[in-house]
Amino acid sequence: MATVKLKVDGREVEVEKGTNLVDAGKKAGIFMPHFCYHPGLPVVGVCRICLCAIEGRPKLVAGCATPAEEGMNVITKSKAVRDARAAVMEFLLIHHPLDCPMCDKGGECTLQDYTIAMGAAHTRFSFKKNTWPEEDVGGKLILNKNRCILCMRCVNLCADVAGQDEIAVIARGEETYIGTVGGRKIENELAGNIADICPVGALTSVDFRFESRPWELTNVKTICTLCSKGCNTVAGFHPRRNKVLRVTARENMDVNQWWICDRGRGQFHSVHDVVRISTPIYRSRTRGAAARPVAWADAIAQVAGAIKDAVARQGADSVGVISSAELSNEELFLAGRIFGPDGLGLSNFDFPERPQPPVVYPKFTIEGDKNPNTRGARLLGGTAGKRGRSVKEILTAAAEGRIGVLLFLRGGAPETFGDAALVARALDRAGLVVVMDFVASAVADLADWVLPGVSHFEKDGTYVNSQGRVQRARKVFTLRGDTREDWRVLQDLGSALGVLHENDPSPEMIFARIARTVPAFTGLSYSALGDRGAPLDTEAANVAVG
Ligand code: SF4
Ligand code: SF4
Ligand code: FES
């Protein structure tokens, strides 16, 4: 890698050849303001706020559009630079409304920050400002053109990352504005990223606007679990409302760069805007009869008793476990210990795959595997592997009356598990159906026992993404109610079945056990994974999966 050495405000710094002055300044610890520049987008150099001086050159240059050169002496703290930036700010604010107190971007607006840092206290513009009404432009975005500073980030995100010319700079001169092409709504599934990167309150998220001020949120670094990509995210949690109010992208160059898709951005709806199961439930064998809440101790004892009874009377083949690659590594490890060869030794133990066509954009792919942890499930115990039966075979056995206890480690619509008619027959003929899940579903509605687990926002855990990268999802909040983290439910069930003899107090401790016993995870720990995760030992992983 060729490098160059330069000075920024007297600080010497060495950067990769081709690095621009904004990034070189950042490395040297010198902040250079920027609106239009974003490291994930093409450089357009339109806002001019990054103007800086280079010793020996007669004119100021745009730092974002100027590559660092050997021996360059960059100056950002001269009067000429200060005056130029102040002039840029004055121009940007000519038509900008004075509505910071009611603007949804307030508190995380770059224009607001820079105005405080280097803007003038008064405007010299005494003419009528341009005004436009707010507009729904699709992509769950509202456009307020009055606030737009024409930085073109939105245009470039659609064109460059999503490959779709859906937003454009329209008209000329003082009348210039941002609008959708042909007045059509934005349709690409990466549009939500625009609300993250618009430096002002011009394009804001329909989901989040006016829900909360950003400083009221507790921001938790976590990951998305809606596909096997495992995008890094920040969950914005409102403590008083006990709710996640938004999910935004978190940079991880090894996984998702700066972006997430709109499905992941809206994942919190699937936790809050659904019918949650908040207590263990028992229904009588005549399914459809009224459900009644049951204490956890009774529910675990009864389910464990039924499984033991089925094994004792009809052998291990009379128990079927439909696992789930939506679960974390820690949970799958426990499931493997309970139902795998060192536990009950079930052959009827597998998880459903959930393939869909991937959505491929030029610089971002939404993975087709809708399970977030297929690799973890294969490595740790979501399946009996080659010696076991498939989900379809398990369901067929249940439909033929050969399964005494059918346990689903996640519920869902019947189609989640294959042929809906087969699932319906299996649910009807199985001796006892148990579902562990946090949300009501067609399958959970037909179960004898429902054990309320929680969503990934409500527990710590790790997941292996499609690249073999192990990443942490962090607990964001606790739902009020009698739910229990799935790893606790499994641990309790394993103890009640007499096949689990340890009682680890946290997912971190379970993960430490995984790292000690599963070669692909050797050397990993929660602290080693940090915020950005770490790769599996892929050689060991390949050997294990075969
Ligand atoms: S809407 Fe936002 S991102 Fe788009 S040009 Fe205007 S200020 Fe920039
Ligand atoms: S690409 Fe997948 S992991 Fe990333 S945000 Fe979308 S659904 Fe979530
Ligand atoms: S950030 Fe350099 S011109 Fe806009």
# chains A, B, ... in the order shown; residues from 1 in each chain; ligands from 1
>>> residues_near_ligand(ligand="ligand 1", cutoff="9 Å", atoms="only C-alpha atoms and all ligand atoms", output="ChimeraX atom specification")
/A:35-36,143-145,147-157,167-169,177-179,194-195,197-204
>>> residues_near_ligand(ligand="ligand 2", cutoff="12 Å", atoms="only C-alpha atoms and all ligand atoms", output="MDAnalysis selection string")
chainID A and resid 189:193 222:234 247:252 255:268 356 358:361 363:373 463:466 471 473
>>> write_last_selection(atoms="C-alpha atoms", output="mmCIF file, in the first residue's frame")
data_model
loop_
_atom_site.group_PDB
_atom_site.id
_atom_site.type_symbol
_atom_site.label_atom_id
_atom_site.label_comp_id
_atom_site.auth_asym_id
_atom_site.auth_seq_id
_atom_site.Cartn_x
_atom_site.Cartn_y
_atom_site.Cartn_z
ATOM 1 C CA GLU A 189 -35.164 -0.714 -0.293
ATOM 2 C CA LEU A 190 -32.144 1.284 0.818
ATOM 3 C CA ALA A 191 -33.996 4.607 0.909
ATOM 4 C CA GLY A 192 -34.116 4.768 4.701
ATOM 5 C CA ASN A 193 -30.356 5.337 4.728
ATOM 6 C CA THR A 222 -26.645 -4.364 18.009
ATOM 7 C CA ILE A 223 -27.287 -6.221 14.734
ATOM 8 C CA CYS A 224 -30.222 -6.929 12.458
ATOM 9 C CA THR A 225 -31.519 -10.505 12.482
ATOM 10 C CA LEU A 226 -33.785 -10.418 9.429
ATOM 11 C CA CYS A 227 -31.338 -12.078 7.053
ATOM 12 C CA SER A 228 -27.983 -13.788 7.112
ATOM 13 C CA LYS A 229 -26.065 -10.595 6.341
ATOM 14 C CA GLY A 230 -26.173 -9.465 9.976
ATOM 15 C CA CYS A 231 -25.987 -5.717 9.363
ATOM 16 C CA ASN A 232 -24.617 -3.662 12.232
ATOM 17 C CA THR A 233 -27.212 -1.325 13.662
ATOM 18 C CA VAL A 234 -27.981 1.064 16.476
ATOM 19 C CA VAL A 247 -33.035 1.407 14.063
ATOM 20 C CA THR A 248 -30.210 3.116 12.185
ATOM 21 C CA ALA A 249 -27.160 1.844 10.335
ATOM 22 C CA ARG A 250 -23.846 1.362 12.123
ATOM 23 C CA GLU A 251 -20.651 1.304 10.100
ATOM 24 C CA ASN A 252 -18.898 -2.016 9.754
ATOM 25 C CA VAL A 255 -20.312 -6.464 6.790
ATOM 26 C CA ASN A 256 -22.637 -3.668 5.703
ATOM 27 C CA GLN A 257 -20.336 -0.644 5.210
ATOM 28 C CA TRP A 258 -22.548 2.315 6.180
ATOM 29 C CA TRP A 259 -25.929 0.948 5.113
ATOM 30 C CA ILE A 260 -28.861 -1.218 6.096
ATOM 31 C CA CYS A 261 -32.010 -2.101 4.175
ATOM 32 C CA ASP A 262 -35.450 -0.796 5.044
ATOM 33 C CA ARG A 263 -36.620 -4.199 6.293
ATOM 34 C CA GLY A 264 -33.935 -4.144 8.966
ATOM 35 C CA ARG A 265 -34.654 -0.507 9.705
ATOM 36 C CA GLY A 266 -38.256 -1.427 10.488
ATOM 37 C CA GLN A 267 -37.482 -4.581 12.482
ATOM 38 C CA PHE A 268 -38.556 -2.990 15.764
ATOM 39 C CA GLN A 356 -35.757 -16.233 -0.827
ATOM 40 C CA PRO A 358 -31.534 -12.092 -2.745
ATOM 41 C CA VAL A 359 -32.107 -8.432 -3.600
ATOM 42 C CA VAL A 360 -28.949 -7.250 -5.300
ATOM 43 C CA TYR A 361 -28.105 -3.546 -5.565
ATOM 44 C CA LYS A 363 -23.257 -1.748 -3.633
ATOM 45 C CA PHE A 364 -25.485 -3.660 -1.222
ATOM 46 C CA THR A 365 -27.100 -7.086 -1.233
ATOM 47 C CA ILE A 366 -30.018 -8.112 0.937
ATOM 48 C CA GLU A 367 -29.242 -11.773 1.506
ATOM 49 C CA GLY A 368 -31.709 -14.430 0.385
ATOM 50 C CA ASP A 369 -31.273 -16.598 3.490
ATOM 51 C CA LYS A 370 -33.831 -15.133 5.895
ATOM 52 C CA ASN A 371 -32.404 -17.040 8.842
ATOM 53 C CA PRO A 372 -29.851 -14.877 10.652
ATOM 54 C CA ASN A 373 -27.946 -17.848 12.033
ATOM 55 C CA TYR A 463 -25.061 -14.934 15.568
ATOM 56 C CA VAL A 464 -22.900 -16.209 12.721
ATOM 57 C CA ASN A 465 -23.592 -14.366 9.489
ATOM 58 C CA SER A 466 -23.326 -15.720 5.956
ATOM 59 C CA GLN A 471 -21.412 -10.864 15.949
ATOM 60 C CA ALA A 473 -26.708 -8.647 19.427
#
>>> residues_near_ligand(ligand="ligand 3", cutoff="7 Å", atoms="only C-alpha atoms and all ligand atoms", output="PyMOL selection string")
chain A and resi 33-37+44-51+62-65+151
>>> closest_residue(among="A:Leu60, A:Ile307, A:Ser278, A:Met102", to="Asp83 (chain A)", atoms="only C-alpha atoms")
A:Leu60
>>> select_by_dssp(residues="region 385-474 of chain A", states="alpha helix (DSSP H)", output="JSON, numbers by chain")
{"A": [391, 392, 393, 394, 395, 396, 397, 398, 399, 420, 421, 422, 423, 424, 425, 426, 427, 428, 429, 442, 443, 444, 445]}
>>> residues_around(residues="region 450-461 of chain A", least_positions_apart="4", cutoff="7 Å", atoms="only C-alpha atoms", output="PyMOL selection string")
chain A and resi 271+277-282+328-330+434-438+444+472-478+483-486+507
>>> residues_around(residues="Asp136 (chain A)", least_positions_apart="5", cutoff="9 Å", atoms="only C-alpha atoms", output="PyMOL selection string")
chain A and resi 141-143+185+206
>>> atom_distance(atom1="CA of Leu500 (chain A)", atom2="CA of Ile338 (chain A)")
6.6 Å
>>> closest_residue(among="A:Thr3, A:Gln112, A:Asn188, A:Ser441", to="Gly71 (chain A)", atoms="only C-alpha atoms")
A:Thr3
>>> select_by_dssp(residues="region 111-170 of chain A", states="strand (DSSP E or B)", output="list in words")
Glu135, Asp136, Val137, Gly138, Leu141, Ile142, Leu143, Ile167, Ala168, Val169 and Ile170 of chain A
>>> residues_around(residues="Glu187 (chain A)", least_positions_apart="5", cutoff="12 Å", atoms="only C-alpha atoms", output="list in words")
Val137, Gly138, Gly139, Lys140, Leu141, Cys158, Ala162, Gly163, Gln164, Asp165, Glu166, Ile167, Thr180, Val181, Gly192, Cys261 and Asp262 of chain A
>>> residues_around(residues="Gly404 (chain A)", least_positions_apart="5", cutoff="7 Å", atoms="only C-alpha atoms", output="PyMOL selection string")
chain A and resi 310+318-319+430-432
>>> write_last_selection(atoms="all heavy atoms", output="compact mmCIF listing (two decimals), in the first residue's frame")
# COMPACT_ATOMS: atom_id res chain seq x y z
N ALA A 310 -42.82 -39.54 26.86
CA ALA A 310 -42.87 -40.02 25.47
C ALA A 310 -41.64 -40.88 25.17
O ALA A 310 -41.75 -41.95 24.56
CB ALA A 310 -42.95 -38.82 24.52
N SER A 318 -40.23 -40.70 19.24
CA SER A 318 -41.58 -40.15 19.43
C SER A 318 -41.54 -38.67 19.82
O SER A 318 -42.58 -38.08 20.08
CB SER A 318 -42.32 -40.94 20.52
OG SER A 318 -41.70 -40.72 21.76
N VAL A 319 -40.33 -38.10 19.86
CA VAL A 319 -40.22 -36.66 20.13
C VAL A 319 -39.62 -35.99 18.90
O VAL A 319 -38.62 -36.46 18.34
CB VAL A 319 -39.33 -36.40 21.37
CG1 VAL A 319 -39.14 -34.89 21.59
CG2 VAL A 319 -39.96 -37.02 22.62
N ALA A 430 -50.17 -34.66 16.26
CA ALA A 430 -49.12 -34.82 17.27
C ALA A 430 -49.77 -34.93 18.64
O ALA A 430 -50.78 -34.29 18.91
CB ALA A 430 -48.17 -33.62 17.23
N GLY A 431 -49.16 -35.77 19.52
CA GLY A 431 -49.75 -35.97 20.84
C GLY A 431 -49.84 -34.67 21.61
O GLY A 431 -50.87 -34.33 22.19
N LEU A 432 -48.74 -33.92 21.61
CA LEU A 432 -48.67 -32.66 22.36
C LEU A 432 -47.81 -31.69 21.55
O LEU A 432 -46.76 -32.08 21.04
CB LEU A 432 -48.00 -32.91 23.71
CG LEU A 432 -48.02 -31.74 24.69
CD1 LEU A 432 -49.30 -31.77 25.52
CD2 LEU A 432 -46.81 -31.81 25.62
>>> atom_distance(atom1="CA of Arg283 (chain A)", atom2="CA of Gly401 (chain A)")
19.9 Å
>>> closest_residue(among="A:Leu6, A:Leu379, A:Thr76, A:Asn20", to="Thr517 (chain A)", atoms="only C-alpha atoms")
A:Leu379
>>> residues_around(residues="Gly382 (chain A)", least_positions_apart="5", cutoff="9 Å", atoms="only C-alpha atoms", output="PyMOL selection string")
chain A and resi 322-325+327+332-333+335-336+340+349-351+374+376-377
>>> write_last_selection(atoms="N, CA, C and O atoms", output="PDB file, in the first residue's frame")
ATOM      1  N   ILE A 322     -38.483 -29.074  16.159  1.00  0.00           N
ATOM      2  CA  ILE A 322     -38.238 -28.209  15.004  1.00  0.00           C
ATOM      3  C   ILE A 322     -37.559 -26.967  15.544  1.00  0.00           C
ATOM      4  O   ILE A 322     -38.172 -26.111  16.186  1.00  0.00           O
ATOM      5  N   SER A 323     -36.263 -26.955  15.341  1.00  0.00           N
ATOM      6  CA  SER A 323     -35.429 -25.902  15.905  1.00  0.00           C
ATOM      7  C   SER A 323     -35.549 -24.645  15.053  1.00  0.00           C
ATOM      8  O   SER A 323     -36.422 -24.543  14.178  1.00  0.00           O
ATOM      9  N   SER A 324     -34.686 -23.674  15.282  1.00  0.00           N
ATOM     10  CA  SER A 324     -34.795 -22.433  14.512  1.00  0.00           C
ATOM     11  C   SER A 324     -33.440 -21.751  14.400  1.00  0.00           C
ATOM     12  O   SER A 324     -32.753 -21.549  15.407  1.00  0.00           O
ATOM     13  N   ALA A 325     -33.103 -21.400  13.171  1.00  0.00           N
ATOM     14  CA  ALA A 325     -31.869 -20.637  12.958  1.00  0.00           C
ATOM     15  C   ALA A 325     -32.107 -19.141  13.171  1.00  0.00           C
ATOM     16  O   ALA A 325     -31.303 -18.315  12.794  1.00  0.00           O
ATOM     17  N   LEU A 327     -32.562 -18.406  16.290  1.00  0.00           N
ATOM     18  CA  LEU A 327     -32.039 -18.340  17.653  1.00  0.00           C
ATOM     19  C   LEU A 327     -30.557 -17.999  17.650  1.00  0.00           C
ATOM     20  O   LEU A 327     -29.860 -18.154  16.639  1.00  0.00           O
ATOM     21  N   LEU A 332     -28.807 -22.110  20.485  1.00  0.00           N
ATOM     22  CA  LEU A 332     -28.649 -23.307  19.648  1.00  0.00           C
ATOM     23  C   LEU A 332     -27.699 -24.305  20.301  1.00  0.00           C
ATOM     24  O   LEU A 332     -27.895 -25.522  20.217  1.00  0.00           O
ATOM     25  N   PHE A 333     -26.686 -23.787  20.958  1.00  0.00           N
ATOM     26  CA  PHE A 333     -25.751 -24.660  21.675  1.00  0.00           C
ATOM     27  C   PHE A 333     -26.502 -25.440  22.754  1.00  0.00           C
ATOM     28  O   PHE A 333     -26.333 -26.663  22.896  1.00  0.00           O
ATOM     29  N   ALA A 335     -29.733 -26.017  22.802  1.00  0.00           N
ATOM     30  CA  ALA A 335     -30.656 -26.949  22.132  1.00  0.00           C
ATOM     31  C   ALA A 335     -29.893 -28.202  21.696  1.00  0.00           C
ATOM     32  O   ALA A 335     -30.380 -29.329  21.848  1.00  0.00           O
ATOM     33  N   GLY A 336     -28.687 -28.008  21.178  1.00  0.00           N
ATOM     34  CA  GLY A 336     -27.868 -29.145  20.748  1.00  0.00           C
ATOM     35  C   GLY A 336     -27.528 -30.054  21.924  1.00  0.00           C
ATOM     36  O   GLY A 336     -27.557 -31.283  21.814  1.00  0.00           O
ATOM     37  N   GLY A 340     -29.477 -33.160  21.121  1.00  0.00           N
ATOM     38  CA  GLY A 340     -28.470 -33.834  20.296  1.00  0.00           C
ATOM     39  C   GLY A 340     -27.947 -35.105  20.937  1.00  0.00           C
ATOM     40  O   GLY A 340     -28.481 -35.575  21.953  1.00  0.00           O
ATOM     41  N   PHE A 349     -34.800 -33.869  14.679  1.00  0.00           N
ATOM     42  CA  PHE A 349     -34.290 -32.608  15.198  1.00  0.00           C
ATOM     43  C   PHE A 349     -33.681 -31.843  14.023  1.00  0.00           C
ATOM     44  O   PHE A 349     -32.635 -32.217  13.495  1.00  0.00           O
ATOM     45  N   ASP A 350     -34.386 -30.810  13.587  1.00  0.00           N
ATOM     46  CA  ASP A 350     -33.885 -30.049  12.428  1.00  0.00           C
ATOM     47  C   ASP A 350     -34.509 -28.657  12.450  1.00  0.00           C
ATOM     48  O   ASP A 350     -35.463 -28.412  13.185  1.00  0.00           O
ATOM     49  N   PHE A 351     -33.962 -27.758  11.625  1.00  0.00           N
ATOM     50  CA  PHE A 351     -34.540 -26.409  11.551  1.00  0.00           C
ATOM     51  C   PHE A 351     -34.961 -26.113  10.114  1.00  0.00           C
ATOM     52  O   PHE A 351     -34.363 -26.630   9.166  1.00  0.00           O
ATOM     53  N   THR A 374     -28.022 -19.429  10.190  1.00  0.00           N
ATOM     54  CA  THR A 374     -27.973 -20.774   9.606  1.00  0.00           C
ATOM     55  C   THR A 374     -26.637 -21.446   9.936  1.00  0.00           C
ATOM     56  O   THR A 374     -26.583 -22.626  10.306  1.00  0.00           O
ATOM     57  N   GLY A 376     -24.616 -20.857  12.444  1.00  0.00           N
ATOM     58  CA  GLY A 376     -24.577 -21.197  13.871  1.00  0.00           C
ATOM     59  C   GLY A 376     -25.396 -22.446  14.149  1.00  0.00           C
ATOM     60  O   GLY A 376     -24.992 -23.331  14.916  1.00  0.00           O
ATOM     61  N   ALA A 377     -26.562 -22.543  13.483  1.00  0.00           N
ATOM     62  CA  ALA A 377     -27.436 -23.704  13.698  1.00  0.00           C
ATOM     63  C   ALA A 377     -26.753 -24.989  13.236  1.00  0.00           C
ATOM     64  O   ALA A 377     -26.860 -26.035  13.876  1.00  0.00           O
TER      65      ALA A 377
END
>>> atom_distance(atom1="CA of Asn503 (chain A)", atom2="CA of Arg488 (chain A)")
9.0 Å
>>> closest_residue(among="A:Ile30, A:Ala426, A:Ile514, A:Leu536", to="Val74 (chain A)", atoms="only C-alpha atoms")
A:Ile30
